[in-house]
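Some notes on the structure that comes next.
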Amino acid sequence: MITSNDLRAKYLAFFQERGHAVIRSASLIPDNDPTVLFTTAGMHPLVPYLLGATHPQGKRLTDVQKCVRTGDIDEVGDGTHCTFFEMLGNWSLGDYFKKESIGWSYEFLTKVLHIDPERLAVSVFAGDADAPRDEVSADAWFSHGIPRNRIFYLPKKNNWWGPAGLTGPCGPDTEIFIVRDMPDCSPQCSPACNCGKYVEIWNNVFMEYNKQADGSYIPLSQKNVDTGMGLERTVAMLNGYQTVYETDVFAPVMALLSQKTAAVLPEAEATRARRIIADHIRTATFMLGDEKGVTPSNVDQGYILRRLIRRALRFARKLELDSSVLLEAASIYIGIYKDIYTELFANKNKVLEELKTEMDKFSLTLQQGLKEFEKLRQYIQNNRISGKAAFRLYDTFGFPIEMTLELAADAGISVDTEGYEECYKEHQLKSQAGAEQKFKGGLADHTEETAKLHTATHLLLASLKKVLGDDSIQQKGSNITAERLRFDFNFPRPLTEEEIKAVEAAVNGAIQAKYAITCEEMSLEDAKKSGATGVFESRYHEIVKVYTMGNYSKEICGGPHAANTGELGVFEIIKEQSSSSGIRRIKAILK
Ligand code: SER
């Protein structure tokens, strides 16, 4: 058996031996990126470097990145879709390109993981008006022994990756598949179809373009390689498992859920419910236990977290599982991952407390919903609940439609599910329009404006510490658009009017002092010794950048920043509010 620990260790060692620096997983909550809620790929935290900024650890990097993708949430319950997953990756920042990348992928798969080359198939970009047919990659695969009939040329829809937002680095990719021992689904069967014969395990993106807001592609100043391998899926394939739930990261939780299931249900239904619980509780554990952990709420990341926990609980009800079993599952995950993601263990109490609180809250919601349901029953006509009424139960009381359907069935009442769907879609379209608005900025832009706002966050943190006289204040989140900064920090109470004015004055004082901004690279240990602020997690002997602004602020940060604080203009706080318990949020602008 090959375990997830084996695969992580082998992957990092292989690329380390080939000159790659091992970097640690970034937080699940992206920094300074208003366009996405969660880190969705290993390349995501590396965007500035893919665009040409120098990375302090060099041009060859490798890591295992925590990722969350919630787009496929409705698919969870099948064998391969997860809302959380780990992505193994290696990068060339303007260093090696296609030939070396493909050679190493082939070597790693066949010599280190001992996959029979006969079981490998690949796809390459077929070419179009934006970029040529990728014969370089096809020839590279062929030279290693992949026969032409297992090299598939596919269009942009399949073999192009990125940008992650609307603009940014992207390019053709070559994808690597394990061929399962089953017949072709049709004469056209290829990795592009979803019949299950071809399982994608690795994606090597050759980032040579920067997509512009007008839809055109211009060559990047440097050619990069960005690869991503799905850890859970690959471990499943290597062990001959049908699903990721049989791998060592899930098996103990699946066993627990089976053992505690009290309900008598058809096996397929029970299995699906257990997979959904196992997936959602794992994702919730990682979100709560993240170094920038979020808590359940009604907006942004907190809302997704809330939905995951509530959905898990709903399926637990189906299986007649006590909510304490879900807490037990979270503890098991913390145990499984504690050496790889030390933050989970460090935040163990928080994870379990927040989970419990949210589950208790949801129980109350359900009780309230049940009361509303009873009231509703007295007014219904023709023994049928209208779509509007069902939607109101969901929208106003948080009562899931599935619960309404179950109760209605018990009471011999029907529900206008089509009408419900219509209301739901209308609502979704409205919120989607909001989400798209958010998306419009493209992936974190790195313009002069955002650099200045970023510099302002450093002055703000230093000023908060000074004015409030509290050295334990830390950055808990940051999000910058071209118009404003948003900064989260730990502080137990709202700031007073006077304090807000004093913080503003302090930042403006630092701007008027026209401090030159310098950047030095040093080890994390030296940064700590030098008195720089930042979150210290020294799992690797990392080299970091330290930005100094006169004697006012010294902070570990990836940049970019303005050259002098004098460039910033006038700083103004436009809002101070609560973000979550113990965390305050400031929104500010530069005029
Ligand atoms: N960015 C690519 C992906 O997400 C490769 O890492 O698949």
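Each chain of the structure tokens is named A, B, ... in the order shown, its residues numbered from 1; ligands are numbered from 1 in display order.
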Using only C-alpha atoms, which protein or nucleic acid residues come within 12 Å of A:Phe142? Drop anything in the same chain fewer than 6 positions from it, and give the result as a short mmCIF file (atom, residue, chain, number, x, y, z; two decimals) with all heavy atoms, in the first residue's frame.
```
data_model
loop_
_atom_site.label_atom_id
_atom_site.label_comp_id
_atom_site.auth_asym_id
_atom_site.auth_seq_id
_atom_site.Cartn_x
_atom_site.Cartn_y
_atom_site.Cartn_z
N LYS A 99 10.25 20.31 -22.12
CA LYS A 99 10.96 19.03 -22.21
C LYS A 99 11.34 18.50 -20.84
O LYS A 99 11.12 17.33 -20.53
CB LYS A 99 12.22 19.19 -23.06
CG LYS A 99 11.92 19.05 -24.53
CD LYS A 99 13.21 18.94 -25.33
CE LYS A 99 12.91 19.17 -26.78
NZ LYS A 99 13.87 20.01 -27.46
N ILE A 102 8.19 17.47 -18.72
CA ILE A 102 7.60 16.21 -19.14
C ILE A 102 8.52 15.04 -18.79
O ILE A 102 8.08 13.99 -18.31
CB ILE A 102 7.26 16.27 -20.64
CG1 ILE A 102 6.06 17.20 -20.84
CG2 ILE A 102 7.00 14.87 -21.22
CD1 ILE A 102 5.70 17.50 -22.28
N GLY A 103 9.83 15.24 -18.98
CA GLY A 103 10.79 14.18 -18.65
C GLY A 103 10.72 13.80 -17.17
O GLY A 103 10.68 12.62 -16.81
N TYR A 106 7.43 11.97 -16.31
CA TYR A 106 7.49 10.58 -16.76
C TYR A 106 8.35 9.75 -15.81
O TYR A 106 7.97 8.65 -15.39
CB TYR A 106 8.03 10.50 -18.19
CG TYR A 106 7.99 9.11 -18.75
CD1 TYR A 106 6.81 8.59 -19.28
CD2 TYR A 106 9.13 8.30 -18.72
CE1 TYR A 106 6.76 7.29 -19.78
CE2 TYR A 106 9.08 6.99 -19.20
CZ TYR A 106 7.90 6.50 -19.73
OH TYR A 106 7.86 5.22 -20.20
N PRO A 117 4.16 2.00 -17.74
CA PRO A 117 3.95 3.01 -18.80
C PRO A 117 2.77 2.67 -19.71
O PRO A 117 2.16 3.56 -20.29
CB PRO A 117 5.25 2.98 -19.60
CG PRO A 117 6.25 2.32 -18.73
CD PRO A 117 5.52 1.45 -17.76
N LEU A 120 -0.38 4.58 -18.94
CA LEU A 120 -0.40 6.05 -19.02
C LEU A 120 -0.90 6.53 -20.38
O LEU A 120 -0.55 5.95 -21.42
CB LEU A 120 1.00 6.62 -18.79
CG LEU A 120 1.59 6.47 -17.39
CD1 LEU A 120 3.01 7.01 -17.37
CD2 LEU A 120 0.73 7.19 -16.35
N ALA A 121 -1.70 7.58 -20.37
CA ALA A 121 -2.09 8.29 -21.59
C ALA A 121 -1.93 9.77 -21.31
O ALA A 121 -1.94 10.19 -20.14
CB ALA A 121 -3.52 7.97 -21.98
N VAL A 122 -1.75 10.58 -22.36
CA VAL A 122 -1.58 12.02 -22.14
C VAL A 122 -2.40 12.78 -23.17
O VAL A 122 -2.76 12.27 -24.22
CB VAL A 122 -0.10 12.46 -22.25
CG1 VAL A 122 0.77 11.74 -21.23
CG2 VAL A 122 0.44 12.24 -23.66
N SER A 123 -2.68 14.03 -22.85
CA SER A 123 -3.32 14.90 -23.83
C SER A 123 -2.45 16.16 -23.96
O SER A 123 -1.75 16.54 -23.01
CB SER A 123 -4.73 15.28 -23.38
OG SER A 123 -4.68 15.96 -22.15
N VAL A 124 -2.47 16.75 -25.15
CA VAL A 124 -1.73 17.99 -25.40
C VAL A 124 -2.66 18.95 -26.15
O VAL A 124 -3.68 18.53 -26.69
CB VAL A 124 -0.43 17.75 -26.22
CG1 VAL A 124 0.53 16.83 -25.48
CG2 VAL A 124 -0.75 17.21 -27.60
N GLU A 135 3.23 20.49 -30.57
CA GLU A 135 4.01 19.33 -31.02
C GLU A 135 5.23 19.11 -30.12
O GLU A 135 5.72 17.99 -30.01
CB GLU A 135 4.46 19.49 -32.48
CG GLU A 135 3.33 19.60 -33.49
CD GLU A 135 2.49 18.32 -33.66
OE1 GLU A 135 2.69 17.37 -32.89
OE2 GLU A 135 1.62 18.32 -34.55
N VAL A 136 5.72 20.17 -29.50
CA VAL A 136 6.90 20.02 -28.63
C VAL A 136 6.58 19.04 -27.51
O VAL A 136 7.35 18.12 -27.21
CB VAL A 136 7.34 21.39 -28.06
CG1 VAL A 136 8.52 21.24 -27.12
CG2 VAL A 136 7.67 22.35 -29.20
N ARG A 148 1.98 7.08 -30.10
CA ARG A 148 1.15 8.17 -30.65
C ARG A 148 -0.33 7.98 -30.37
O ARG A 148 -1.06 8.95 -30.21
CB ARG A 148 1.37 8.29 -32.17
CG ARG A 148 2.79 8.71 -32.55
CD ARG A 148 3.01 10.20 -32.37
NE ARG A 148 4.39 10.58 -32.70
CZ ARG A 148 4.93 11.76 -32.38
NH1 ARG A 148 4.24 12.67 -31.74
NH2 ARG A 148 6.17 12.02 -32.71
N ASN A 149 -0.78 6.72 -30.33
CA ASN A 149 -2.22 6.52 -30.13
C ASN A 149 -2.67 6.75 -28.68
O ASN A 149 -3.84 6.68 -28.37
CB ASN A 149 -2.68 5.14 -30.64
CG ASN A 149 -2.05 4.01 -29.83
OD1 ASN A 149 -1.23 4.26 -28.94
ND2 ASN A 149 -2.41 2.77 -30.14
N ARG A 150 -1.72 7.00 -27.81
CA ARG A 150 -2.12 7.39 -26.45
C ARG A 150 -1.74 8.85 -26.16
O ARG A 150 -1.66 9.27 -25.02
CB ARG A 150 -1.55 6.42 -25.42
CG ARG A 150 -2.45 5.17 -25.30
CD ARG A 150 -2.08 4.29 -24.12
NE ARG A 150 -1.02 3.35 -24.48
CZ ARG A 150 0.14 3.24 -23.82
NH1 ARG A 150 0.39 3.98 -22.77
NH2 ARG A 150 1.05 2.37 -24.24
N ILE A 151 -1.44 9.59 -27.23
CA ILE A 151 -1.23 11.05 -27.12
C ILE A 151 -2.41 11.71 -27.82
O ILE A 151 -2.56 11.61 -29.03
CB ILE A 151 0.10 11.48 -27.77
CG1 ILE A 151 1.28 10.74 -27.12
CG2 ILE A 151 0.27 13.01 -27.66
CD1 ILE A 151 2.63 10.99 -27.80
N PHE A 152 -3.28 12.34 -27.07
CA PHE A 152 -4.51 12.91 -27.62
C PHE A 152 -4.35 14.43 -27.77
O PHE A 152 -3.88 15.09 -26.84
CB PHE A 152 -5.68 12.62 -26.69
CG PHE A 152 -5.99 11.14 -26.57
CD1 PHE A 152 -5.30 10.33 -25.68
CD2 PHE A 152 -6.97 10.56 -27.37
CE1 PHE A 152 -5.57 8.98 -25.57
CE2 PHE A 152 -7.26 9.20 -27.27
CZ PHE A 152 -6.56 8.41 -26.36
#
```
_List as a ChimeraX atom specification the protein and nucleic acid residues near stretch 228-241 of chain A, meaning an atom at most 8 Å away when only C-alpha atoms are counted, but skip any in the same chain fewer than 4 places from it._
/A:1-4,7-8,41-42,80,85-90,113,115,178,201-204,246-247,249
Compile a residue-level contact table for stretch 282-362 of chain A against stretch 562-582 of chain A at a cut-off of 12 Å, reporting for every qualifying residue the shortest atom pair and its distance in Å to one decimal, with only C-alpha atoms counted, rows ordered by chain and ascending number, as a Markdown table.
```
| residue | atom | partner | partner_atom | distance |
| --- | --- | --- | --- | --- |
| A:Gly293 | CA | A:Ser580 | CA | 10.6 |
| A:Val294 | CA | A:Ser580 | CA | 8.1 |
| A:Thr295 | CA | A:Ser580 | CA | 7.0 |
| A:Pro296 | CA | A:Ser580 | CA | 8.7 |
| A:Ser297 | CA | A:Ser580 | CA | 7.9 |
| A:Asn298 | CA | A:Ser580 | CA | 10.7 |
| A:Val299 | CA | A:Ser579 | CA | 10.0 |
| A:Asp300 | CA | A:Ser579 | CA | 11.1 |
| A:Gln301 | CA | A:Ser580 | CA | 11.6 |
| A:Gly302 | CA | A:Ser580 | CA | 9.2 |
| A:Lys350 | CA | A:Ser581 | CA | 11.7 |
| A:Glu354 | CA | A:Ser581 | CA | 10.8 |
```
With only C-alpha atoms as the counted atoms, please give the residues lying no more than 9 Å from stretch 70-73 of chain A, apart from itself and same-chain residues fewer than 5 positions off, as a PDB file with N, CA, C and O atoms, in the first residue's frame.
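Produced file selection.pdb, reproduced below:
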```pdb
ATOM      1  N   HIS A  81     -14.976  13.357  -6.365  1.00  0.00           N
ATOM      2  CA  HIS A  81     -15.064  14.807  -6.109  1.00  0.00           C
ATOM      3  C   HIS A  81     -14.968  15.122  -4.624  1.00  0.00           C
ATOM      4  O   HIS A  81     -15.659  14.517  -3.817  1.00  0.00           O
ATOM      5  N   CYS A  82     -14.116  16.067  -4.288  1.00  0.00           N
ATOM      6  CA  CYS A  82     -13.984  16.498  -2.893  1.00  0.00           C
ATOM      7  C   CYS A  82     -14.015  18.025  -2.871  1.00  0.00           C
ATOM      8  O   CYS A  82     -13.593  18.663  -3.828  1.00  0.00           O
ATOM      9  N   THR A  83     -14.497  18.606  -1.779  1.00  0.00           N
ATOM     10  CA  THR A  83     -14.451  20.071  -1.679  1.00  0.00           C
ATOM     11  C   THR A  83     -13.081  20.542  -1.185  1.00  0.00           C
ATOM     12  O   THR A  83     -12.669  21.655  -1.452  1.00  0.00           O
ATOM     13  N   PHE A  84     -12.380  19.697  -0.426  1.00  0.00           N
ATOM     14  CA  PHE A  84     -11.007  19.999  -0.015  1.00  0.00           C
ATOM     15  C   PHE A  84     -10.100  18.958  -0.653  1.00  0.00           C
ATOM     16  O   PHE A  84     -10.479  17.797  -0.768  1.00  0.00           O
ATOM     17  N   ILE A 304     -19.712  29.730   3.246  1.00  0.00           N
ATOM     18  CA  ILE A 304     -19.424  28.412   2.658  1.00  0.00           C
ATOM     19  C   ILE A 304     -19.209  27.393   3.780  1.00  0.00           C
ATOM     20  O   ILE A 304     -19.734  26.277   3.740  1.00  0.00           O
TER      21      ILE A 304
END
```
Just list the residues in stretch 25-133 of chain A DSSP gives strand (DSSP E or B) on the backbone, as a tab-separated table (two decimals) with C-alpha atoms, in the first residue's frame.
```tsv
chain	number	residue	atom	x	y	z
A	60	ARG	CA	12.36	26.14	-8.94
A	61	LEU	CA	9.75	25.49	-6.29
A	62	THR	CA	7.75	22.52	-5.05
A	63	ASP	CA	5.04	22.10	-2.42
A	64	VAL	CA	1.87	20.44	-1.22
A	65	GLN	CA	-0.92	23.03	-1.14
A	66	LYS	CA	-4.21	22.88	0.77
A	67	CYS	CA	-7.01	23.68	-1.71
A	68	VAL	CA	-10.76	24.21	-1.55
A	76	VAL	CA	-19.56	15.17	-3.75
A	78	ASP	CA	-19.39	10.06	-5.97
A	84	PHE	CA	-11.01	20.00	-0.01
A	85	PHE	CA	-7.96	18.37	-1.55
A	86	GLU	CA	-4.20	18.55	-1.49
A	87	MET	CA	-2.32	19.51	-4.63
A	88	LEU	CA	1.27	18.42	-5.15
A	89	GLY	CA	3.03	20.88	-7.41
A	90	ASN	CA	6.32	21.92	-8.94
A	91	TRP	CA	7.12	25.23	-10.64
A	92	SER	CA	9.62	26.71	-12.98
A	93	LEU	CA	9.63	30.51	-12.78
A	120	LEU	CA	-0.40	6.05	-19.02
A	121	ALA	CA	-2.09	8.29	-21.59
A	122	VAL	CA	-1.58	12.02	-22.14
A	123	SER	CA	-3.32	14.90	-23.83
A	124	VAL	CA	-1.73	17.99	-25.40
A	125	PHE	CA	-3.11	21.23	-26.83
```
*Spatial neighbours of A:Ala251, 12 Å, only C-alpha atoms, chain gap at least 6 places, as a ChimeraX atom specification*: /A:3-4,232,236,241,243-245,257-258,274-275,278-279,329,332-333,336
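The shortest atom-to-atom distance to ligand 1, with only C-alpha atoms and all ligand atoms taken into account, belongs to A:Thr227 out of A:Thr227, A:Ser216, A:Gln428, A:Asn551.
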Which residues come within 10 Å of A:Tyr341, counting only C-alpha atoms, excluding same-chain residues fewer than 6 positions away, as a PDB file with C-alpha atoms, in the first residue's frame?
```pdb
ATOM      1  CA  ARG A  24       5.134  25.391   2.734  1.00  0.00           C
ATOM      2  CA  SER A  25       1.460  25.335   1.937  1.00  0.00           C
ATOM      3  CA  LYS A  66      -4.215  22.882   0.769  1.00  0.00           C
ATOM      4  CA  PHE A 286      -9.305  22.655   7.533  1.00  0.00           C
ATOM      5  CA  GLY A 289      -8.092  25.118  11.763  1.00  0.00           C
ATOM      6  CA  ASP A 290      -6.367  27.203   9.083  1.00  0.00           C
ATOM      7  CA  GLU A 291      -3.659  29.646  10.196  1.00  0.00           C
ATOM      8  CA  ILE A 334      -6.743  16.440  13.132  1.00  0.00           C
ATOM      9  CA  ARG A 539       8.338  24.168   9.286  1.00  0.00           C
TER      10      ARG A 539
END
```
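Taking atom CA of A:Tyr209 and atom CA of A:Asp226 as the two end points, the separation is 12.6 Å.
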*asked:* Just checking: using only C-alpha atoms and all ligand atoms, which residue out of A:Lys452, A:Lys318, A:His44, A:Lys260 ends up closest to ligand 1?
replied: A:His44
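Here atom CA of A:Asp31 stands at a distance of 22.5 Å from atom CA of A:Glu525.
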